[in-house]
$ cat coords_19.csv   # CSV, C-alpha atoms and all ligand atoms
chain,number,residue,atom,x,y,z
D,1,VAL,CA,21.4,-40.4,-61.0
D,2,SER,CA,20.1,-42.1,-64.1
D,3,GLU,CA,16.6,-41.8,-65.2
D,4,GLU,CA,16.3,-45.6,-64.9
D,5,LYS,CA,17.2,-45.6,-61.3
D,6,VAL,CA,14.7,-42.8,-60.4
D,7,LYS,CA,12.0,-44.7,-62.2
D,8,HIS,CA,12.9,-47.8,-60.2
D,9,LYS,CA,12.7,-46.0,-57.0
D,10,VAL,CA,9.2,-44.5,-57.8
D,11,GLU,CA,8.1,-48.0,-58.7
D,12,ALA,CA,9.4,-49.4,-55.4
D,13,LEU,CA,7.5,-46.8,-53.4
D,14,LYS,CA,4.3,-47.5,-55.2
D,15,LEU,CA,1.8,-48.9,-52.7
D,16,SER,CA,-1.3,-50.9,-53.3
D,17,PRO,CA,-4.6,-49.2,-52.3
D,18,VAL,CA,-4.8,-51.3,-49.1
D,19,GLU,CA,-1.2,-50.4,-48.2
D,20,MET,CA,-1.9,-46.8,-49.0
D,21,GLU,CA,-4.8,-46.7,-46.7
D,22,ALA,CA,-2.8,-48.4,-43.9
D,23,GLU,CA,0.0,-45.9,-44.5
D,24,ILE,CA,-2.4,-43.0,-44.3
D,25,LYS,CA,-3.9,-44.3,-41.1
D,26,ARG,CA,-0.5,-44.8,-39.6
D,27,LEU,CA,0.5,-41.2,-40.6
D,28,GLU,CA,-2.8,-39.9,-39.1
D,29,LEU,CA,-2.2,-41.8,-35.9
D,30,GLU,CA,1.3,-40.4,-35.8
D,31,ALA,CA,0.0,-36.9,-36.3
D,32,LYS,CA,-2.5,-37.4,-33.6
D,33,GLN,CA,0.2,-38.7,-31.2
D,34,LEU,CA,2.3,-35.7,-32.0
D,35,GLU,CA,-0.6,-33.4,-31.3
D,36,VAL,CA,-1.1,-35.1,-28.0
D,37,GLU,CA,2.6,-34.7,-27.3
D,38,GLU,CA,2.4,-31.1,-28.2
D,39,ARG,CA,-0.6,-30.6,-26.0
D,40,LYS,CA,1.3,-32.3,-23.1
D,41,ALA,CA,4.3,-30.0,-23.7
D,42,ASN,CA,2.1,-26.9,-23.7
D,43,LEU,CA,0.4,-28.1,-20.6
D,44,GLN,CA,3.7,-28.6,-18.9
D,45,ASP,CA,4.7,-25.1,-20.0
D,46,VAL,CA,1.6,-23.6,-18.5
D,47,ARG,CA,2.1,-25.6,-15.3
D,48,GLU,CA,5.6,-24.4,-15.0
D,49,ARG,CA,4.5,-20.8,-15.6
D,50,LEU,CA,1.9,-21.2,-12.9
D,51,ASP,CA,4.5,-22.7,-10.5
D,52,GLU,CA,6.7,-19.8,-11.2
D,53,ARG,CA,3.9,-17.3,-10.6
D,54,GLN,CA,3.1,-19.1,-7.4
D,55,VAL,CA,6.7,-18.8,-6.2
D,56,LYS,CA,6.7,-15.1,-7.1
D,57,ARG,CA,3.4,-14.6,-5.3
D,58,GLU,CA,4.8,-16.4,-2.2
D,59,THR,CA,8.0,-14.3,-2.4
D,60,ALA,CA,6.0,-11.1,-2.6
D,61,LYS,CA,3.8,-12.2,0.3
D,62,GLN,CA,6.9,-13.0,2.4
D,63,LEU,CA,8.4,-9.6,1.4
D,64,SER,CA,5.3,-7.6,2.3
D,65,ARG,CA,5.2,-9.5,5.6
D,66,THR,CA,8.8,-8.5,6.3
D,67,ASN,CA,8.1,-4.9,5.2
D,68,GLY,CA,5.0,-4.8,7.4
D,69,ALA,CA,7.1,-5.9,10.4
D,70,THR,CA,9.7,-3.3,9.6
D,71,LEU,CA,7.1,-0.6,9.2
D,72,ALA,CA,5.5,-1.5,12.5
D,73,GLN,CA,8.9,-1.4,14.2
D,74,THR,CA,9.7,2.0,12.7
D,75,ALA,CA,6.3,3.3,13.7
D,76,ALA,CA,6.8,2.1,17.3
D,77,GLN,CA,10.3,3.7,17.4
D,78,GLU,CA,8.9,6.9,16.1
D,79,LYS,CA,6.1,6.9,18.5
D,80,ALA,CA,8.5,6.3,21.4
D,81,PHE,CA,10.7,9.2,20.2
D,82,GLN,CA,7.7,11.5,19.9
D,83,ALA,CA,6.6,10.7,23.4
D,84,ARG,CA,10.1,11.6,24.7
D,85,CYS,CA,10.5,14.8,22.6
D,86,ASN,CA,9.6,18.1,24.2
D,87,HIS,CA,9.4,19.7,20.7
D,88,ARG,CA,11.7,22.6,21.6
D,89,LYS,CA,14.6,24.2,19.9
D,90,GLY,CA,18.1,24.3,21.3
D,91,SER,CA,20.5,21.5,21.8
D,92,MET,CA,21.9,19.9,24.9
D,93,GLY,CA,24.5,18.0,22.9
D,94,LYS,CA,24.1,14.6,21.2
D,95,ASP,CA,22.3,12.9,24.1
D,96,GLY,CA,19.8,15.8,24.4
D,97,TYR,CA,19.2,15.7,20.7
D,98,ALA,CA,18.8,11.9,20.6
D,99,ASN,CA,16.2,12.2,23.4
D,100,GLY,CA,14.5,15.2,21.9
D,101,GLN,CA,15.2,17.5,24.8
D,102,GLY,CA,15.6,21.0,23.5
D,103,ILE,CA,16.5,23.8,26.0
D,104,ASP,CA,15.1,26.8,24.2
D,105,GLN,CA,11.8,28.5,25.1
D,106,GLN,CA,11.0,28.4,21.4
D,107,TYR,CA,9.3,25.4,19.9
D,108,ALA,CA,10.8,23.6,16.9
D,109,VAL,CA,7.5,23.4,15.1
D,110,LEU,CA,6.0,24.5,11.8
D,111,LYS,CA,2.4,25.6,11.5
D,112,HIS,CA,0.6,25.1,8.3
D,113,THR,CA,-2.9,26.3,7.5
D,114,PHE,CA,-4.7,24.2,4.8
D,115,MET,CA,-7.1,25.5,2.3
D,116,ASN,CA,-10.1,24.5,4.5
D,117,GLY,CA,-8.7,26.7,7.3
D,118,ASP,CA,-7.4,23.9,9.5
D,119,THR,CA,-4.0,24.4,11.0
D,120,TRP,CA,-1.6,21.5,11.5
D,121,VAL,CA,1.4,21.8,13.8
D,122,ARG,CA,4.4,19.6,13.1
D,123,CYS,CA,7.5,19.1,15.2
D,124,LEU,CA,10.7,19.4,13.2
D,125,ARG,CA,12.5,17.1,15.5
D,126,CYS,CA,10.2,14.2,16.0
D,127,ALA,CA,7.7,14.8,13.1
D,128,LYS,CA,4.7,14.6,15.5
D,129,THR,CA,1.8,16.3,13.8
D,130,TRP,CA,-1.1,17.8,15.7
D,131,LYS,CA,-4.3,18.0,13.7
D,132,PRO,CA,-7.9,19.0,14.7
D,133,PRO,CA,-9.1,15.8,16.4
D,134,LEU,CA,-12.0,14.0,14.7
D,135,GLU,CA,-14.6,12.4,16.9
D,136,GLU,CA,-14.8,9.4,14.5
D,137,ASN,CA,-11.2,8.5,15.6
D,138,PHE,CA,-12.2,8.1,19.3
D,139,TYR,CA,-14.3,4.9,19.3
D,140,PHE,CA,-12.8,2.1,21.3
D,141,GLU,CA,-13.7,-1.5,21.9
D,142,ASN,CA,-11.8,-3.6,24.6
D,143,GLY,CA,-9.1,-0.8,24.7
D,144,GLU,CA,-8.5,-1.0,20.9
D,145,GLN,CA,-9.4,1.8,18.5
D,146,VAL,CA,-12.2,1.0,16.1
D,147,TYR,CA,-11.1,2.6,12.8
D,148,PRO,CA,-13.9,4.6,11.2
D,149,PRO,CA,-15.2,3.4,7.8
D,150,ALA,CA,-15.4,5.9,5.0
D,151,ASP,CA,-17.8,6.4,2.1
D,152,LYS,CA,-16.7,6.6,-1.5
D,153,PHE,CA,-15.9,10.3,-1.2
D,154,GLY,CA,-13.6,9.6,1.7
D,155,ARG,CA,-16.1,11.0,4.3
D,156,LEU,CA,-15.6,9.3,7.6
D,157,LEU,CA,-18.6,7.5,9.1
D,158,LYS,CA,-19.2,6.9,12.7
D,159,PRO,CA,-17.9,3.4,13.7
D,160,THR,CA,-20.9,1.0,14.3
D,161,LYS,CA,-18.9,-0.8,17.0
D,162,GLY,CA,-17.2,0.4,20.2
D,163,THR,CA,-18.0,3.4,22.3
D,164,PHE,CA,-17.1,7.1,22.0
D,165,ALA,CA,-14.4,8.0,24.5
D,166,GLU,CA,-15.4,11.6,25.3
D,167,GLU,CA,-12.6,12.1,27.8
D,168,ARG,CA,-9.9,11.0,25.4
D,169,TYR,CA,-11.4,13.2,22.7
D,170,GLN,CA,-11.4,16.3,24.9
D,171,ALA,CA,-7.8,15.6,26.0
D,172,ALA,CA,-6.8,15.5,22.3
D,173,VAL,CA,-8.6,18.8,21.7
D,174,GLN,CA,-6.8,20.4,24.6
D,175,GLU,CA,-3.4,19.0,23.3
D,176,TYR,CA,-4.1,20.3,19.8
D,177,ASP,CA,-5.1,23.8,21.2
D,178,ALA,CA,-1.9,23.9,23.2
D,179,ALA,CA,0.1,22.9,20.1
D,180,LEU,CA,-1.5,25.8,18.2
D,181,LYS,CA,-0.2,28.1,20.8
D,182,PHE,CA,3.4,26.7,20.8
D,183,ASP,CA,5.6,29.8,20.6
D,184,THR,CA,7.8,29.8,17.5
D,185,ARG,CA,9.6,32.2,15.3
D,186,ASN,CA,9.3,29.8,12.3
D,187,SER,CA,7.0,31.6,9.9
D,188,PRO,CA,3.7,29.9,9.4
D,189,SER,CA,2.8,28.7,5.9
D,190,THR,CA,-0.6,28.7,4.4
D,191,SER,CA,-2.5,27.5,1.3
D,192,TYR,CA,-5.1,29.6,-0.4
D,193,ILE,CA,-8.1,29.6,1.9
D,194,PHE,CA,-11.7,29.5,0.8
D,195,ARG,CA,-14.9,28.6,2.5
D,196,PHE,CA,-16.4,25.1,2.1
D,197,SER,CA,-20.1,24.7,2.5
D,198,ASP,CA,-19.4,21.8,4.8
D,199,GLY,CA,-17.0,23.9,7.0
D,200,GLY,CA,-14.0,21.9,5.7
D,201,LYS,CA,-15.3,18.6,7.0
D,202,ILE,CA,-14.7,16.5,3.9
D,203,PHE,CA,-11.1,17.8,3.5
D,204,ARG,CA,-10.5,17.0,7.2
D,205,ASP,CA,-11.9,13.5,6.7
D,206,VAL,CA,-9.9,12.7,3.6
D,207,MET,CA,-6.7,13.9,5.3
D,208,ASN,CA,-7.4,11.7,8.4
D,209,ASN,CA,-4.4,9.4,7.9
D,210,ALA,CA,-2.0,12.0,6.5
D,211,THR,CA,0.8,13.7,8.5
D,212,LEU,CA,3.2,16.5,7.6
D,213,ARG,CA,6.3,14.4,6.9
D,301,ZN,ZN,8.9,16.7,18.8

$ encode --input "coords_19.csv" --output "structure tokens"
Amino acid sequence: VSEEKVKHKVEALKLSPVEMEAEIKRLELEAKQLEVEERKANLQDVRERLDERQVKRETAKQLSRTNGATLAQTAAQEKAFQARCNHRKGSMGKDGYANGQGIDQQYAVLKHTFMNGDTWVRCLRCAKTWKPPLEENFYFENGEQVYPPADKFGRLLKPTKGTFAEERYQAAVQEYDAALKFDTRNSPSTSYIFRFSDGGKIFRDVMNNATLR
């Protein structure tokens, strides 16, 4: 490229002050438009991400609903099996086992004594766990259990609704006492036991929803 030609090109690009101003305005406008476009694109991105999150949230909700239904079904099946089980050792074949009908005098249970001195009894066949019954769990309203609220330490509080079902509570105490006496050669296990100033109450409360599974 000759020097002459370059010079000519520069000359040709030379703009008058008015043209220059117009050009600057045009460029500014273009930049602003680009900015707007960019913002629109960003907004679109954000919207899509939100949509995606919404879809994920819906999917998770759906899944937990399905899981909840499965859990409820499993719990119902387990409860039915526990009601059939006689918690005894010895087999009467496959049918006997499936129905939890042991023929031995010995019980198929493990007894575990916790550090607060409470003993839990668990059936090895149906996983039913007998624990010292808590009065707070025996409040009912229209036949439905009113679940006890808990304070920040996990201590159970008396439900403010429903009425205390004394008979059901006493029946549970008797069932628990009977389970403690289940004859078994399985050796009992125990944690280190020490005395709590509350007689083991808070430990009992915190373990309210646990079983030996
Ligand atoms: Zn059982």

$ closest_atom_pairs --input "coords_19.csv" --of "segment 65-164 of chain D" --to "segment 199-203 of chain D" --cutoff "9 Å" --atoms "all atoms listed in the file" --output "Markdown table"
| residue | atom | partner | partner_atom | distance |
| --- | --- | --- | --- | --- |
| D:Met115 | CA | D:Gly200 | CA | 8.5 |
| D:Asn116 | CA | D:Gly200 | CA | 4.8 |
| D:Gly117 | CA | D:Gly200 | CA | 7.3 |
| D:Asp118 | CA | D:Gly200 | CA | 7.9 |
| D:Phe153 | CA | D:Ile202 | CA | 8.1 |
| D:Gly154 | CA | D:Ile202 | CA | 7.3 |
| D:Arg155 | CA | D:Ile202 | CA | 5.7 |
| D:Leu156 | CA | D:Ile202 | CA | 8.1 |

$ residues_around --input "coords_19.csv" --residues "Glu141 of chain D" --least-positions-apart "4" --cutoff "10 Å" --atoms "all atoms listed in the file" --output "PyMOL selection string"
chain D and resi 145-146+161-165

$ closest_atom_pairs --input "coords_19.csv" --of "chain D" --to "ligand ZN 301 (chain D)" --cutoff "8 Å" --atoms "only C-alpha atoms and all ligand atoms" --output "CSV"
residue,atom,partner,partner_atom,distance
D:Phe81,CA,D:ZN301,ZN,7.8
D:Gln82,CA,D:ZN301,ZN,5.4
D:Ala83,CA,D:ZN301,ZN,7.9
D:Arg84,CA,D:ZN301,ZN,7.9
D:Cys85,CA,D:ZN301,ZN,4.5
D:Asn86,CA,D:ZN301,ZN,5.6
D:His87,CA,D:ZN301,ZN,3.6
D:Arg88,CA,D:ZN301,ZN,7.1
D:Gly100,CA,D:ZN301,ZN,6.6
D:Ala108,CA,D:ZN301,ZN,7.4
D:Val109,CA,D:ZN301,ZN,7.8
D:Arg122,CA,D:ZN301,ZN,7.8
D:Cys123,CA,D:ZN301,ZN,4.5
D:Leu124,CA,D:ZN301,ZN,6.5
D:Arg125,CA,D:ZN301,ZN,4.9
D:Cys126,CA,D:ZN301,ZN,4.0
D:Ala127,CA,D:ZN301,ZN,6.1
D:Lys128,CA,D:ZN301,ZN,5.7

$ atom_distance --input "coords_19.csv" --atom1 "atom CA of Ala150 of chain D" --atom2 "atom CA of Ser197 of chain D"
19.5 Å

$ atom_distance --input "coords_19.csv" --atom1 "atom CA of Phe114 of chain D" --atom2 "atom CA of Lys181 of chain D"
17.1 Å

$ atom_distance --input "coords_19.csv" --atom1 "atom CA of Glu58 of chain D" --atom2 "atom CA of Gln44 of chain D"
20.7 Å

$ residues_around --input "coords_19.csv" --residues "Thr113 of chain D" --least-positions-apart "4" --cutoff "10 Å" --atoms "only C-alpha atoms" --output "mmCIF file with C-alpha atoms, in the coordinates of the input"
data_model
loop_
_atom_site.group_PDB
_atom_site.id
_atom_site.type_symbol
_atom_site.label_atom_id
_atom_site.label_comp_id
_atom_site.auth_asym_id
_atom_site.auth_seq_id
_atom_site.Cartn_x
_atom_site.Cartn_y
_atom_site.Cartn_z
ATOM 1 C CA GLY D 117 -8.700 26.700 7.300
ATOM 2 C CA ASP D 118 -7.400 23.900 9.500
ATOM 3 C CA THR D 119 -4.000 24.400 11.000
ATOM 4 C CA TRP D 120 -1.600 21.500 11.500
ATOM 5 C CA VAL D 121 1.400 21.800 13.800
ATOM 6 C CA PRO D 188 3.700 29.900 9.400
ATOM 7 C CA SER D 189 2.800 28.700 5.900
ATOM 8 C CA THR D 190 -0.600 28.700 4.400
ATOM 9 C CA SER D 191 -2.500 27.500 1.300
ATOM 10 C CA TYR D 192 -5.100 29.600 -0.400
ATOM 11 C CA ILE D 193 -8.100 29.600 1.900
#

$ residues_near_point --input "coords_19.csv" --point "(12.6, 27.5, 21.9)" --cutoff "10 Å" --atoms "all atoms listed in the file" --output "VMD selection string"
chain D and resid 87 to 91 102 to 109 182 to 185

$ closest_residue --input "coords_19.csv" --among "D:Lys152, D:Arg53, D:Lys158, D:His112" --to "Leu212 of chain D" --atoms "only C-alpha atoms"
D:His112

$ closest_residue --input "coords_19.csv" --among "D:Ala178, D:Leu50, D:Val55, D:Ala172" --to "Pro133 of chain D" --atoms "only C-alpha atoms"
D:Ala172

$ closest_residue --input "coords_19.csv" --among "D:Leu29, D:Leu157, D:Ala60, D:Leu134" --to "Gln170 of chain D" --atoms "only C-alpha atoms"
D:Leu134

$ closest_residue --input "coords_19.csv" --among "D:Pro149, D:Arg57, D:Thr211, D:Ala98" --to "Trp130 of chain D" --atoms "only C-alpha atoms"
D:Thr211
